[in-house]
file protein_32.pdb (PDB, C-alpha atoms and all ligand atoms)
ATOM      1  CA  MET I   1    -110.244-124.510 214.425
ATOM      2  CA  LEU I   2    -113.166-122.098 214.608
ATOM      3  CA  ASP I   3    -112.630-118.807 212.822
ATOM      4  CA  LEU I   4    -114.638-116.035 214.477
ATOM      5  CA  SER I   5    -112.998-113.193 212.567
ATOM      6  CA  VAL I   6    -115.212-110.944 210.480
ATOM      7  CA  LYS I   7    -114.625-108.139 208.009
ATOM      8  CA  VAL I   8    -116.591-104.920 208.082
ATOM      9  CA  ALA I   9    -115.921-102.679 205.087
ATOM     10  CA  GLY I  10    -112.360-103.971 204.775
ATOM     11  CA  VAL I  11    -111.525-103.813 208.504
ATOM     12  CA  THR I  12    -110.874-107.217 210.109
ATOM     13  CA  PHE I  13    -112.226-107.769 213.619
ATOM     14  CA  LYS I  14    -110.936-110.835 215.516
ATOM     15  CA  ASN I  15    -114.510-111.667 216.471
ATOM     16  CA  PRO I  16    -117.900-110.039 215.832
ATOM     17  CA  VAL I  17    -118.608-108.791 219.378
ATOM     18  CA  LEU I  18    -118.028-105.104 220.091
ATOM     19  CA  LEU I  19    -119.209-103.144 223.121
ATOM     20  CA  ALA I  20    -121.926-100.632 222.223
ATOM     21  CA  SER I  21    -121.495 -96.950 222.970
ATOM     22  CA  GLY I  22    -122.390 -95.585 226.375
ATOM     23  CA  THR I  23    -123.155 -98.807 228.198
ATOM     24  CA  TRP I  24    -119.720 -99.573 229.626
ATOM     25  CA  GLY I  25    -118.533 -96.090 230.595
ATOM     26  CA  PHE I  26    -114.944 -95.751 229.485
ATOM     27  CA  GLY I  27    -114.016 -99.308 230.457
ATOM     28  CA  GLU I  28    -112.864 -98.478 233.952
ATOM     29  CA  LYS I  29    -115.589-100.548 235.622
ATOM     30  CA  LEU I  30    -115.877-103.347 233.121
ATOM     31  CA  LYS I  31    -112.170-104.136 232.956
ATOM     32  CA  SER I  32    -112.141-105.774 236.383
ATOM     33  CA  TYR I  33    -114.739-108.292 235.172
ATOM     34  CA  LEU I  34    -113.773-108.728 231.556
ATOM     35  CA  ASP I  35    -110.580-108.720 229.487
ATOM     36  CA  LEU I  36    -111.611-106.061 226.992
ATOM     37  CA  SER I  37    -108.773-107.073 224.661
ATOM     38  CA  THR I  38    -110.584-110.357 223.942
ATOM     39  CA  LEU I  39    -113.479-108.531 222.284
ATOM     40  CA  GLY I  40    -113.796-107.650 218.626
ATOM     41  CA  GLY I  41    -113.794-103.977 219.539
ATOM     42  CA  LEU I  42    -114.957-101.154 221.758
ATOM     43  CA  VAL I  43    -117.188 -98.208 220.929
ATOM     44  CA  SER I  44    -116.651 -95.280 223.276
ATOM     45  CA  LYS I  45    -119.345 -93.335 225.062
ATOM     46  CA  GLY I  46    -120.544 -90.367 222.985
ATOM     47  CA  ILE I  47    -118.060 -87.474 222.911
ATOM     48  CA  SER I  48    -118.931 -83.864 222.132
ATOM     49  CA  LEU I  49    -116.840 -80.753 221.549
ATOM     50  CA  LYS I  50    -117.565 -79.256 224.970
ATOM     51  CA  PRO I  51    -118.274 -81.056 228.268
ATOM     52  CA  ARG I  52    -121.934 -81.943 228.916
ATOM     53  CA  GLU I  53    -123.577 -82.550 232.251
ATOM     54  CA  GLY I  54    -126.369 -84.735 230.962
ATOM     55  CA  ASN I  55    -129.982 -84.915 232.150
ATOM     56  CA  PRO I  56    -131.360 -84.559 235.665
ATOM     57  CA  PRO I  57    -132.012 -87.829 237.569
ATOM     58  CA  PRO I  58    -133.635 -90.308 237.469
ATOM     59  CA  ARG I  59    -131.853 -91.324 234.275
ATOM     60  CA  LEU I  60    -132.803 -94.979 234.098
ATOM     61  CA  ALA I  61    -136.123 -96.828 234.279
ATOM     62  CA  GLU I  62    -136.342-100.607 234.087
ATOM     63  CA  THR I  63    -139.071-102.329 232.094
ATOM     64  CA  PRO I  64    -139.885-106.076 232.133
ATOM     65  CA  CYS I  65    -137.415-106.842 229.348
ATOM     66  CA  GLY I  66    -135.592-103.633 228.706
ATOM     67  CA  LEU I  67    -134.167-100.417 230.034
ATOM     68  CA  ILE I  68    -135.198 -96.841 229.303
ATOM     69  CA  ASN I  69    -132.322 -94.383 229.599
ATOM     70  CA  ALA I  70    -132.155 -90.622 229.478
ATOM     71  CA  ILE I  71    -128.507 -90.085 230.341
ATOM     72  CA  GLY I  72    -128.311 -87.014 228.132
ATOM     73  CA  LEU I  73    -124.928 -87.835 226.619
ATOM     74  CA  GLU I  74    -122.953 -86.714 229.666
ATOM     75  CA  ASN I  75    -119.255 -86.566 228.811
ATOM     76  CA  PRO I  76    -116.154 -84.509 229.630
ATOM     77  CA  GLY I  77    -115.658 -83.082 226.107
ATOM     78  CA  VAL I  78    -113.158 -84.112 223.457
ATOM     79  CA  GLU I  79    -110.060 -82.432 224.888
ATOM     80  CA  VAL I  80    -110.338 -84.154 228.297
ATOM     81  CA  PHE I  81    -111.232 -87.382 226.495
ATOM     82  CA  LYS I  82    -108.097 -87.156 224.364
ATOM     83  CA  LYS I  83    -105.807 -86.393 227.264
ATOM     84  CA  HIS I  84    -107.082 -88.669 230.017
ATOM     85  CA  ILE I  85    -109.355 -91.358 228.604
ATOM     86  CA  LEU I  86    -108.238 -92.169 225.080
ATOM     87  CA  PRO I  87    -104.754 -93.413 226.133
ATOM     88  CA  GLN I  88    -106.414 -95.919 228.482
ATOM     89  CA  LEU I  89    -108.759 -97.160 225.767
ATOM     90  CA  LEU I  90    -105.950 -97.459 223.229
ATOM     91  CA  ALA I  91    -104.086 -99.747 225.656
ATOM     92  CA  PHE I  92    -106.646-102.506 225.027
ATOM     93  CA  LYS I  93    -105.503-104.730 222.179
ATOM     94  CA  THR I  94    -108.598-104.371 220.084
ATOM     95  CA  HIS I  95    -110.325-101.963 217.731
ATOM     96  CA  LEU I  96    -111.634 -98.677 219.081
ATOM     97  CA  LEU I  97    -114.417 -96.682 217.476
ATOM     98  CA  VAL I  98    -115.009 -93.277 219.034
ATOM     99  CA  ASN I  99    -118.693 -92.344 219.101
ATOM    100  CA  ILE I 100    -119.163 -88.607 218.497
ATOM    101  CA  PHE I 101    -122.090 -86.206 218.420
ATOM    102  CA  GLY I 102    -122.908 -82.496 218.296
ATOM    103  CA  GLU I 103    -125.848 -80.144 218.406
ATOM    104  CA  THR I 104    -124.731 -78.556 215.143
ATOM    105  CA  ILE I 105    -122.780 -79.779 212.128
ATOM    106  CA  ASP I 106    -119.906 -77.518 213.196
ATOM    107  CA  GLU I 107    -119.744 -79.207 216.595
ATOM    108  CA  PHE I 108    -119.523 -82.616 214.939
ATOM    109  CA  LEU I 109    -116.760 -81.285 212.700
ATOM    110  CA  GLY I 110    -114.880 -79.875 215.692
ATOM    111  CA  VAL I 111    -114.830 -83.290 217.373
ATOM    112  CA  ALA I 112    -113.725 -84.995 214.149
ATOM    113  CA  GLU I 113    -110.961 -82.405 213.739
ATOM    114  CA  ALA I 114    -109.742 -83.036 217.294
ATOM    115  CA  LEU I 115    -109.606 -86.806 216.723
ATOM    116  CA  LYS I 116    -108.458 -86.986 213.117
ATOM    117  CA  ASP I 117    -104.821 -87.864 213.847
ATOM    118  CA  GLU I 118    -105.431 -90.240 216.771
ATOM    119  CA  PRO I 119    -104.605 -93.931 216.247
ATOM    120  CA  ILE I 120    -108.204 -95.085 216.557
ATOM    121  CA  THR I 121    -109.922 -97.516 214.208
ATOM    122  CA  GLY I 122    -112.668 -95.098 213.315
ATOM    123  CA  LEU I 123    -115.445 -92.703 214.195
ATOM    124  CA  GLU I 124    -119.066 -93.620 214.822
ATOM    125  CA  LEU I 125    -121.456 -90.695 214.266
ATOM    126  CA  ASN I 126    -124.429 -90.667 216.632
ATOM    127  CA  ILE I 127    -127.068 -88.930 214.525
ATOM    128  CA  SER I 128    -129.902 -89.513 216.997
ATOM    129  CA  CYS I 129    -129.075 -86.252 218.802
ATOM    130  CA  PRO I 130    -131.095 -83.063 218.242
ATOM    131  CA  ASN I 131    -129.945 -80.535 215.628
ATOM    132  CA  VAL I 132    -130.453 -77.039 217.079
ATOM    133  CA  ALA I 133    -130.405 -75.508 213.583
ATOM    134  CA  LYS I 134    -133.534 -77.570 212.757
ATOM    135  CA  GLY I 135    -135.485 -76.781 215.923
ATOM    136  CA  GLY I 136    -134.254 -79.892 217.711
ATOM    137  CA  LEU I 137    -135.206 -82.419 214.997
ATOM    138  CA  ALA I 138    -132.719 -85.305 215.278
ATOM    139  CA  PHE I 139    -130.005 -85.221 212.575
ATOM    140  CA  GLY I 140    -130.921 -88.758 211.692
ATOM    141  CA  HIS I 141    -134.491 -87.853 210.759
ATOM    142  CA  ASP I 142    -133.383 -85.537 207.972
ATOM    143  CA  PRO I 143    -131.591 -87.152 204.995
ATOM    144  CA  ALA I 144    -130.417 -83.781 203.579
ATOM    145  CA  THR I 145    -128.655 -82.886 206.833
ATOM    146  CA  VAL I 146    -127.104 -86.353 207.075
ATOM    147  CA  LYS I 147    -125.737 -85.905 203.539
ATOM    148  CA  THR I 148    -124.051 -82.617 204.467
ATOM    149  CA  LEU I 149    -122.796 -83.965 207.791
ATOM    150  CA  VAL I 150    -121.204 -87.111 206.363
ATOM    151  CA  GLU I 151    -119.697 -85.277 203.369
ATOM    152  CA  GLU I 152    -118.196 -82.579 205.615
ATOM    153  CA  ILE I 153    -116.819 -85.131 208.098
ATOM    154  CA  GLY I 154    -115.262 -86.980 205.149
ATOM    155  CA  LYS I 155    -113.305 -83.841 204.214
ATOM    156  CA  ILE I 156    -111.701 -83.841 207.687
ATOM    157  CA  TYR I 157    -111.503 -87.503 208.635
ATOM    158  CA  SER I 158    -110.212 -90.070 206.168
ATOM    159  CA  GLY I 159    -110.457 -93.165 208.430
ATOM    160  CA  PHE I 160    -113.187 -95.752 208.931
ATOM    161  CA  LEU I 161    -116.489 -93.909 209.216
ATOM    162  CA  VAL I 162    -119.598 -95.481 210.716
ATOM    163  CA  VAL I 163    -123.007 -93.831 210.901
ATOM    164  CA  LYS I 164    -125.218 -95.016 213.761
ATOM    165  CA  LEU I 165    -128.860 -94.800 212.727
ATOM    166  CA  PRO I 166    -131.885 -93.999 214.844
ATOM    167  CA  PRO I 167    -134.375 -96.891 214.556
ATOM    168  CA  VAL I 168    -137.320 -94.623 213.706
ATOM    169  CA  GLY I 169    -137.884 -91.970 211.030
ATOM    170  CA  PRO I 170    -136.956 -92.297 207.342
ATOM    171  CA  VAL I 171    -134.371 -94.967 208.213
ATOM    172  CA  LEU I 172    -133.834 -96.398 204.727
ATOM    173  CA  ASP I 173    -133.410 -92.965 203.103
ATOM    174  CA  VAL I 174    -131.002 -91.888 205.825
ATOM    175  CA  ALA I 175    -129.001 -95.117 205.558
ATOM    176  CA  ARG I 176    -128.752 -94.799 201.782
ATOM    177  CA  VAL I 177    -127.690 -91.167 201.870
ATOM    178  CA  ALA I 178    -125.098 -91.864 204.588
ATOM    179  CA  LEU I 179    -123.458 -94.546 202.422
ATOM    180  CA  GLU I 180    -123.640 -92.437 199.257
ATOM    181  CA  SER I 181    -122.015 -89.552 201.130
ATOM    182  CA  GLY I 182    -119.018 -91.613 202.232
ATOM    183  CA  ALA I 183    -119.899 -93.696 205.296
ATOM    184  CA  ASP I 184    -118.112 -97.061 205.259
ATOM    185  CA  ALA I 185    -120.619 -98.845 207.486
ATOM    186  CA  LEU I 186    -123.835 -98.426 209.465
ATOM    187  CA  THR I 187    -124.650 -99.230 213.070
ATOM    188  CA  VAL I 188    -128.264-100.391 213.235
ATOM    189  CA  ALA I 189    -129.473 -98.992 215.566
ATOM    190  CA  ASN I 190    -129.807 -96.657 218.525
ATOM    191  CA  THR I 191    -132.510 -96.869 221.229
ATOM    192  CA  TYR I 192    -136.282 -96.517 220.584
ATOM    193  CA  PRO I 193    -138.188 -93.469 221.913
ATOM    194  CA  ALA I 194    -139.977 -94.578 225.079
ATOM    195  CA  LEU I 195    -141.282 -93.438 228.434
ATOM    196  CA  ALA I 196    -142.126 -94.816 231.848
ATOM    197  CA  VAL I 197    -144.709 -93.569 234.368
ATOM    198  CA  ASP I 198    -144.308 -93.383 238.138
ATOM    199  CA  LEU I 199    -147.852 -94.074 239.269
ATOM    200  CA  ALA I 200    -147.424 -92.932 242.890
ATOM    201  CA  SER I 201    -146.358 -89.426 241.886
ATOM    202  CA  ARG I 202    -148.396 -89.450 238.646
ATOM    203  CA  ARG I 203    -145.301 -88.175 236.880
ATOM    204  CA  LEU I 204    -143.060 -89.394 234.121
ATOM    205  CA  ALA I 205    -140.447 -91.597 235.748
ATOM    206  CA  LEU I 206    -137.379 -90.098 234.058
ATOM    207  CA  GLY I 207    -135.928 -86.693 234.913
ATOM    208  CA  ARG I 208    -136.055 -85.572 231.287
ATOM    209  CA  GLY I 209    -139.493 -87.049 230.719
ATOM    210  CA  THR I 210    -138.780 -89.466 227.888
ATOM    211  CA  GLY I 211    -135.836 -91.657 226.992
ATOM    212  CA  GLY I 212    -134.622 -94.504 224.787
ATOM    213  CA  LEU I 213    -135.528 -98.189 225.143
ATOM    214  CA  SER I 214    -132.781-100.811 224.866
ATOM    215  CA  GLY I 215    -132.333-104.461 225.857
ATOM    216  CA  PRO I 216    -134.076-107.734 224.868
ATOM    217  CA  ALA I 217    -137.406-105.959 224.192
ATOM    218  CA  ILE I 218    -135.975-104.303 221.079
ATOM    219  CA  LYS I 219    -134.159-107.287 219.561
ATOM    220  CA  PRO I 220    -136.891-108.442 217.152
ATOM    221  CA  LEU I 221    -137.472-104.836 216.034
ATOM    222  CA  THR I 222    -133.830-104.065 215.327
ATOM    223  CA  LEU I 223    -133.295-107.481 213.773
ATOM    224  CA  LYS I 224    -135.974-106.590 211.219
ATOM    225  CA  LEU I 225    -134.303-103.257 210.534
ATOM    226  CA  VAL I 226    -130.998-105.027 209.859
ATOM    227  CA  TYR I 227    -132.783-107.531 207.626
ATOM    228  CA  ASP I 228    -134.582-104.798 205.653
ATOM    229  CA  LEU I 229    -131.537-102.535 205.315
ATOM    230  CA  TYR I 230    -129.211-105.342 204.256
ATOM    231  CA  ARG I 231    -131.701-106.579 201.650
ATOM    232  CA  GLU I 232    -132.024-103.068 200.221
ATOM    233  CA  LEU I 233    -128.465-101.813 200.481
ATOM    234  CA  LYS I 234    -126.089-104.807 200.914
ATOM    235  CA  ALA I 235    -124.092-102.524 203.202
ATOM    236  CA  PRO I 236    -121.629-103.398 205.990
ATOM    237  CA  ILE I 237    -123.735-103.314 209.179
ATOM    238  CA  PHE I 238    -123.018-103.494 212.902
ATOM    239  CA  GLY I 239    -126.210-104.979 214.365
ATOM    240  CA  CYS I 240    -127.032-103.460 217.742
ATOM    241  CA  GLY I 241    -130.145-104.010 219.811
ATOM    242  CA  GLY I 242    -131.039-106.380 222.605
ATOM    243  CA  ILE I 243    -128.267-108.932 222.107
ATOM    244  CA  THR I 244    -127.825-111.141 225.168
ATOM    245  CA  SER I 245    -126.637-114.490 223.759
ATOM    246  CA  GLY I 246    -124.509-116.163 221.124
ATOM    247  CA  LYS I 247    -127.709-117.230 219.353
ATOM    248  CA  ASP I 248    -128.769-113.581 219.096
ATOM    249  CA  VAL I 249    -125.450-112.756 217.431
ATOM    250  CA  LEU I 250    -125.828-115.530 214.851
ATOM    251  CA  GLU I 251    -129.390-114.407 214.099
ATOM    252  CA  TYR I 252    -128.138-110.867 213.448
ATOM    253  CA  ILE I 253    -125.377-112.182 211.191
ATOM    254  CA  LEU I 254    -127.819-114.358 209.232
ATOM    255  CA  CYS I 255    -130.006-111.269 208.711
ATOM    256  CA  GLY I 256    -127.084-109.267 207.321
ATOM    257  CA  ALA I 257    -125.006-107.855 210.190
ATOM    258  CA  ALA I 258    -121.271-108.225 209.559
ATOM    259  CA  ALA I 259    -120.591-107.721 213.293
ATOM    260  CA  VAL I 260    -122.582-106.707 216.366
ATOM    261  CA  GLN I 261    -122.471-104.372 219.335
ATOM    262  CA  VAL I 262    -123.641-105.401 222.792
ATOM    263  CA  GLY I 263    -124.913-102.741 225.192
ATOM    264  CA  THR I 264    -127.527-103.313 227.892
ATOM    265  CA  ALA I 265    -126.447-106.949 228.374
ATOM    266  CA  THR I 266    -123.179-105.649 229.886
ATOM    267  CA  LEU I 267    -125.231-103.762 232.492
ATOM    268  CA  LEU I 268    -127.109-106.947 233.414
ATOM    269  CA  ASP I 269    -123.870-108.911 233.819
ATOM    270  CA  PRO I 270    -120.478-107.399 232.940
ATOM    271  CA  GLN I 271    -119.232-110.825 231.895
ATOM    272  CA  ASN I 272    -121.986-111.240 229.306
ATOM    273  CA  PRO I 273    -119.783-110.305 226.303
ATOM    274  CA  ALA I 274    -117.345-113.121 227.200
ATOM    275  CA  LYS I 275    -120.247-115.544 227.702
ATOM    276  CA  ILE I 276    -121.666-114.488 224.337
ATOM    277  CA  LEU I 277    -118.338-115.294 222.646
ATOM    278  CA  THR I 278    -118.280-118.782 224.187
ATOM    279  CA  GLU I 279    -121.881-119.329 223.119
ATOM    280  CA  ILE I 280    -121.085-118.298 219.539
ATOM    281  CA  GLU I 281    -118.472-121.059 219.405
ATOM    282  CA  GLU I 282    -120.936-123.595 220.825
ATOM    283  CA  GLU I 283    -123.642-122.584 218.349
ATOM    284  CA  LEU I 284    -121.235-122.767 215.411
ATOM    285  CA  LYS I 285    -120.255-126.280 216.416
ATOM    286  CA  LYS I 286    -123.931-127.268 216.581
ATOM    287  CA  LEU I 287    -124.423-125.862 213.091
ATOM    288  CA  GLY I 288    -121.340-127.707 211.818
ATOM    289  CA  GLU I 289    -119.762-124.407 210.719
ATOM    290  CA  THR I 290    -116.099-123.534 211.239
ATOM    291  CA  ASN I 291    -116.207-120.084 209.675
ATOM    292  CA  LEU I 292    -118.490-117.364 210.977
ATOM    293  CA  GLY I 293    -118.182-115.458 207.708
ATOM    294  CA  ASN I 294    -120.163-118.251 205.985
ATOM    295  CA  LEU I 295    -123.263-117.174 207.901
ATOM    296  CA  LEU I 296    -123.288-113.546 206.735
ATOM    297  CA  ALA I 297    -126.723-112.845 205.274
ATOM    298  CA  ALA I 298    -127.073-116.600 204.655
ATOM    299  CA  LEU I 299    -130.714-116.733 205.658
ATOM    300  CA  LYS I 300    -132.601-119.438 203.749
ATOM    301  CA  TYR I 301    -135.940-118.611 202.166
TER
HETATM  302  C1  LIG I 401    -127.054 -96.175 229.442
HETATM  303  C2  LIG I 401    -126.936 -96.072 227.940
HETATM  304  C3  LIG I 401    -126.114 -95.081 227.378
HETATM  305  C4  LIG I 401    -125.982 -94.973 225.989
HETATM  306  N1  LIG I 401    -125.165 -94.006 225.454
HETATM  307  C5  LIG I 401    -125.006 -93.916 224.108
HETATM  308  C6  LIG I 401    -124.121 -92.945 223.545
HETATM  309  O1  LIG I 401    -123.433 -92.185 224.256
HETATM  310  N2  LIG I 401    -124.039 -92.864 222.173
HETATM  311  C7  LIG I 401    -124.759 -93.718 221.356
HETATM  312  O2  LIG I 401    -124.641 -93.621 220.129
HETATM  313  N3  LIG I 401    -125.568 -94.676 221.874
HETATM  314  C8  LIG I 401    -125.711 -94.782 223.221
HETATM  315  N4  LIG I 401    -126.534 -95.754 223.753
HETATM  316  C9  LIG I 401    -127.220 -96.709 222.853
HETATM  317  C10 LIG I 401    -126.469 -98.050 222.780
HETATM  318  O3  LIG I 401    -125.155 -97.883 222.289
HETATM  319  C11 LIG I 401    -127.211 -99.067 221.890
HETATM  320  O4  LIG I 401    -127.341 -98.520 220.606
HETATM  321  C12 LIG I 401    -128.617 -99.391 222.422
HETATM  322  O5  LIG I 401    -128.617 -99.467 223.830
HETATM  323  C13 LIG I 401    -129.165-100.707 221.854
HETATM  324  O6  LIG I 401    -128.332-101.803 222.175
HETATM  325  P1  LIG I 401    -128.604-102.757 223.482
HETATM  326  O7  LIG I 401    -130.030-103.181 223.412
HETATM  327  O8  LIG I 401    -127.615-103.892 223.320
HETATM  328  O9  LIG I 401    -128.310-101.931 224.665
HETATM  329  C14 LIG I 401    -126.684 -95.879 225.142
HETATM  330  C15 LIG I 401    -127.508 -96.869 225.716
HETATM  331  C16 LIG I 401    -127.636 -96.979 227.091
HETATM  332  C17 LIG I 401    -128.513 -98.067 227.671
END
call {"tool": "encode", "arguments": {"input": "protein_32.pdb", "output": "structure tokens", "more": "lines below"}}
Ligand SMILES: Cc1cc2nc3c(=O)[nH]c(=O)nc-3n(C[C@H](O)[C@H](O)[C@H](O)COP(=O)(O)O)c2cc1C
result
Amino acid sequence: MLDLSVKVAGVTFKNPVLLASGTWGFGEKLKSYLDLSTLGGLVSKGISLKPREGNPPPRLAETPCGLINAIGLENPGVEVFKKHILPQLLAFKTHLLVNIFGETIDEFLGVAEALKDEPITGLELNISCPNVAKGGLAFGHDPATVKTLVEEIGKIYSGFLVVKLPPVGPVLDVARVALESGADALTVANTYPALAVDLASRRLALGRGTGGLSGPAIKPLTLKLVYDLYRELKAPIFGCGGITSGKDVLEYILCGAAAVQVGTATLLDPQNPAKILTEIEEELKKLGETNLGNLLAALKY
């Protein structure tokens, strides 16, 4: 019998494949293609204190092996989320991490306060968003702010706390400070700053100008981040970036990810997460392994 279960900071996931934040809406579309309960877990779209409209269109630009998005974190706000969306997500028989963000530390704290008694597995803090108190510098580029944010959230929320890192900036310092301040695990990582040009109009292709690159193009980059961060910190990591196959998942696990999150691949084919799970089993058989846990950070040198 193959054992695909994995542990991330003491939480057991039935398999290592979670859906990454923002790429599957709130499940309503994906659930007709995929039994979400078969996955290791779900990470919700980013939720803020107040509703947000997001960026003007166009919000997506395709590249040869990736996608640039500038959605702008559109969401209905935490109260609507709690009332209308959360009950639907909790009905799936798997773990749920709620991804939250704010433009100030107080906004983050307000969302955590609103969710603190809900029966979710945990919170994932998106620290790639701009901090208005620091002139729009992303929270995740400033270790001192991350320290305060994670410590303050910890005073409100006692559950499983994950910090999702931006892939650029002082990533190691931010990761270290997040863990020292009380984060249980890291998600490595968010999208990479990118842009696309519309030649005909000689304008930037996205409504907001720039966006974040995801998909296969970023896999080798994020894989290296996971490798570097695990070697330095030995921390529980959700690897997230460009995963489209079972092989990709095993590579992430060998480099130090305890579990993974799949995003853009679900936009290419909504059944990809299920295919990835089947492929993991096939790859394990080829490797003669029955226990996925044996591969964690088991890279040979
Ligand atoms: C359309 C879209 C929306 C996203 N929304 C969020 C979000 O709300 N919060 C967040 O932390 N990350 C968000 N992300 C980033 C993904 O969760 C993930 O970190 C990134 O896309 C890299 O993984 P992938 O290459 O498998 O897509 C979004 C990505 C895409 C493509």
call {"tool": "atom_distance", "arguments": {"input": "protein_32.pdb", "atom1": "CA of Leu223 (chain I)", "atom2": "CA of Ala189 (chain I)"}}
result
9.5 Å
call {"tool": "resolve_selection", "arguments": {"input": "protein_32.pdb", "expression": "the PyMOL selection byres (((not hetatm)) within 6 of (chain I and resi 401))", "output": "MDAnalysis selection string"}}
result
chainID I and resid 20:23 45:46 69 73 126 189:191 214:215 240:243 262:264
call {"tool": "atom_distance", "arguments": {"input": "protein_32.pdb", "atom1": "CA of Leu97 (chain I)", "atom2": "CA of Glu152 (chain I)"}}
result
18.8 Å
call {"tool": "residues_around", "arguments": {"input": "protein_32.pdb", "residues": "Asp3 (chain I)", "least_positions_apart": "5", "cutoff": "9 Å", "atoms": "only C-alpha atoms", "output": "list in words"}}
result
Lys14, Asn15, Thr290, Asn291, Leu292 and Gly293 of chain I
call {"tool": "resolve_selection", "arguments": {"input": "protein_32.pdb", "expression": "the PyMOL selection byres (((chain I and resi 273) around 10) and not hetatm)", "output": "number ranges by chain"}}
result
I: 17-19, 34-36, 38-39, 243-246, 261-263, 265-266, 269-272, 274-279
call {"tool": "build_atoms", "arguments": {"input": "protein_32.pdb", "residues": "region 62-79 of chain I", "atoms": "N, CA and C atoms", "output": "PDB file, keeping the file's coordinate frame"}}
result
ATOM      1  N   GLU I  62    -136.315 -99.223 234.577  1.00  0.00           N
ATOM      2  CA  GLU I  62    -136.342-100.607 234.087  1.00  0.00           C
ATOM      3  C   GLU I  62    -137.733-100.955 233.595  1.00  0.00           C
ATOM      4  N   THR I  63    -137.800-101.785 232.577  1.00  0.00           N
ATOM      5  CA  THR I  63    -139.071-102.329 232.094  1.00  0.00           C
ATOM      6  C   THR I  63    -138.937-103.855 232.152  1.00  0.00           C
ATOM      7  N   PRO I  64    -140.012-104.621 231.962  1.00  0.00           N
ATOM      8  CA  PRO I  64    -139.885-106.076 232.133  1.00  0.00           C
ATOM      9  C   PRO I  64    -138.767-106.707 231.296  1.00  0.00           C
ATOM     10  N   CYS I  65    -138.535-106.237 230.092  1.00  0.00           N
ATOM     11  CA  CYS I  65    -137.415-106.842 229.348  1.00  0.00           C
ATOM     12  C   CYS I  65    -136.600-105.776 228.620  1.00  0.00           C
ATOM     13  N   GLY I  66    -136.406-104.691 229.302  1.00  0.00           N
ATOM     14  CA  GLY I  66    -135.592-103.633 228.706  1.00  0.00           C
ATOM     15  C   GLY I  66    -135.271-102.542 229.704  1.00  0.00           C
ATOM     16  N   LEU I  67    -134.630-101.520 229.200  1.00  0.00           N
ATOM     17  CA  LEU I  67    -134.167-100.417 230.034  1.00  0.00           C
ATOM     18  C   LEU I  67    -134.445 -99.127 229.270  1.00  0.00           C
ATOM     19  N   ILE I  68    -135.028 -98.145 229.953  1.00  0.00           N
ATOM     20  CA  ILE I  68    -135.198 -96.841 229.303  1.00  0.00           C
ATOM     21  C   ILE I  68    -134.163 -95.908 229.906  1.00  0.00           C
ATOM     22  N   ASN I  69    -133.327 -95.298 229.058  1.00  0.00           N
ATOM     23  CA  ASN I  69    -132.322 -94.383 229.599  1.00  0.00           C
ATOM     24  C   ASN I  69    -132.504 -92.987 229.045  1.00  0.00           C
ATOM     25  N   ALA I  70    -132.195 -92.025 229.903  1.00  0.00           N
ATOM     26  CA  ALA I  70    -132.155 -90.622 229.478  1.00  0.00           C
ATOM     27  C   ALA I  70    -130.921 -90.011 230.145  1.00  0.00           C
ATOM     28  N   ILE I  71    -129.765 -90.535 229.744  1.00  0.00           N
ATOM     29  CA  ILE I  71    -128.507 -90.085 230.341  1.00  0.00           C
ATOM     30  C   ILE I  71    -128.216 -88.650 229.894  1.00  0.00           C
ATOM     31  N   GLY I  72    -128.540 -88.371 228.634  1.00  0.00           N
ATOM     32  CA  GLY I  72    -128.311 -87.014 228.132  1.00  0.00           C
ATOM     33  C   GLY I  72    -126.893 -86.810 227.645  1.00  0.00           C
ATOM     34  N   LEU I  73    -126.239 -87.909 227.265  1.00  0.00           N
ATOM     35  CA  LEU I  73    -124.928 -87.835 226.619  1.00  0.00           C
ATOM     36  C   LEU I  73    -123.891 -87.086 227.453  1.00  0.00           C
ATOM     37  N   GLU I  74    -123.948 -87.305 228.766  1.00  0.00           N
ATOM     38  CA  GLU I  74    -122.953 -86.714 229.666  1.00  0.00           C
ATOM     39  C   GLU I  74    -121.548 -87.166 229.247  1.00  0.00           C
ATOM     40  N   ASN I  75    -120.655 -86.215 229.139  1.00  0.00           N
ATOM     41  CA  ASN I  75    -119.255 -86.566 228.811  1.00  0.00           C
ATOM     42  C   ASN I  75    -118.363 -85.362 229.098  1.00  0.00           C
ATOM     43  N   PRO I  76    -117.044 -85.603 229.224  1.00  0.00           N
ATOM     44  CA  PRO I  76    -116.154 -84.509 229.630  1.00  0.00           C
ATOM     45  C   PRO I  76    -115.666 -83.616 228.490  1.00  0.00           C
ATOM     46  N   GLY I  77    -116.121 -83.881 227.250  1.00  0.00           N
ATOM     47  CA  GLY I  77    -115.658 -83.082 226.107  1.00  0.00           C
ATOM     48  C   GLY I  77    -114.411 -83.706 225.494  1.00  0.00           C
ATOM     49  N   VAL I  78    -114.181 -83.376 224.214  1.00  0.00           N
ATOM     50  CA  VAL I  78    -113.158 -84.112 223.457  1.00  0.00           C
ATOM     51  C   VAL I  78    -111.734 -83.872 223.971  1.00  0.00           C
ATOM     52  N   GLU I  79    -111.446 -82.681 224.471  1.00  0.00           N
ATOM     53  CA  GLU I  79    -110.060 -82.432 224.888  1.00  0.00           C
ATOM     54  C   GLU I  79    -109.694 -83.272 226.107  1.00  0.00           C
TER      55      GLU I  79
END
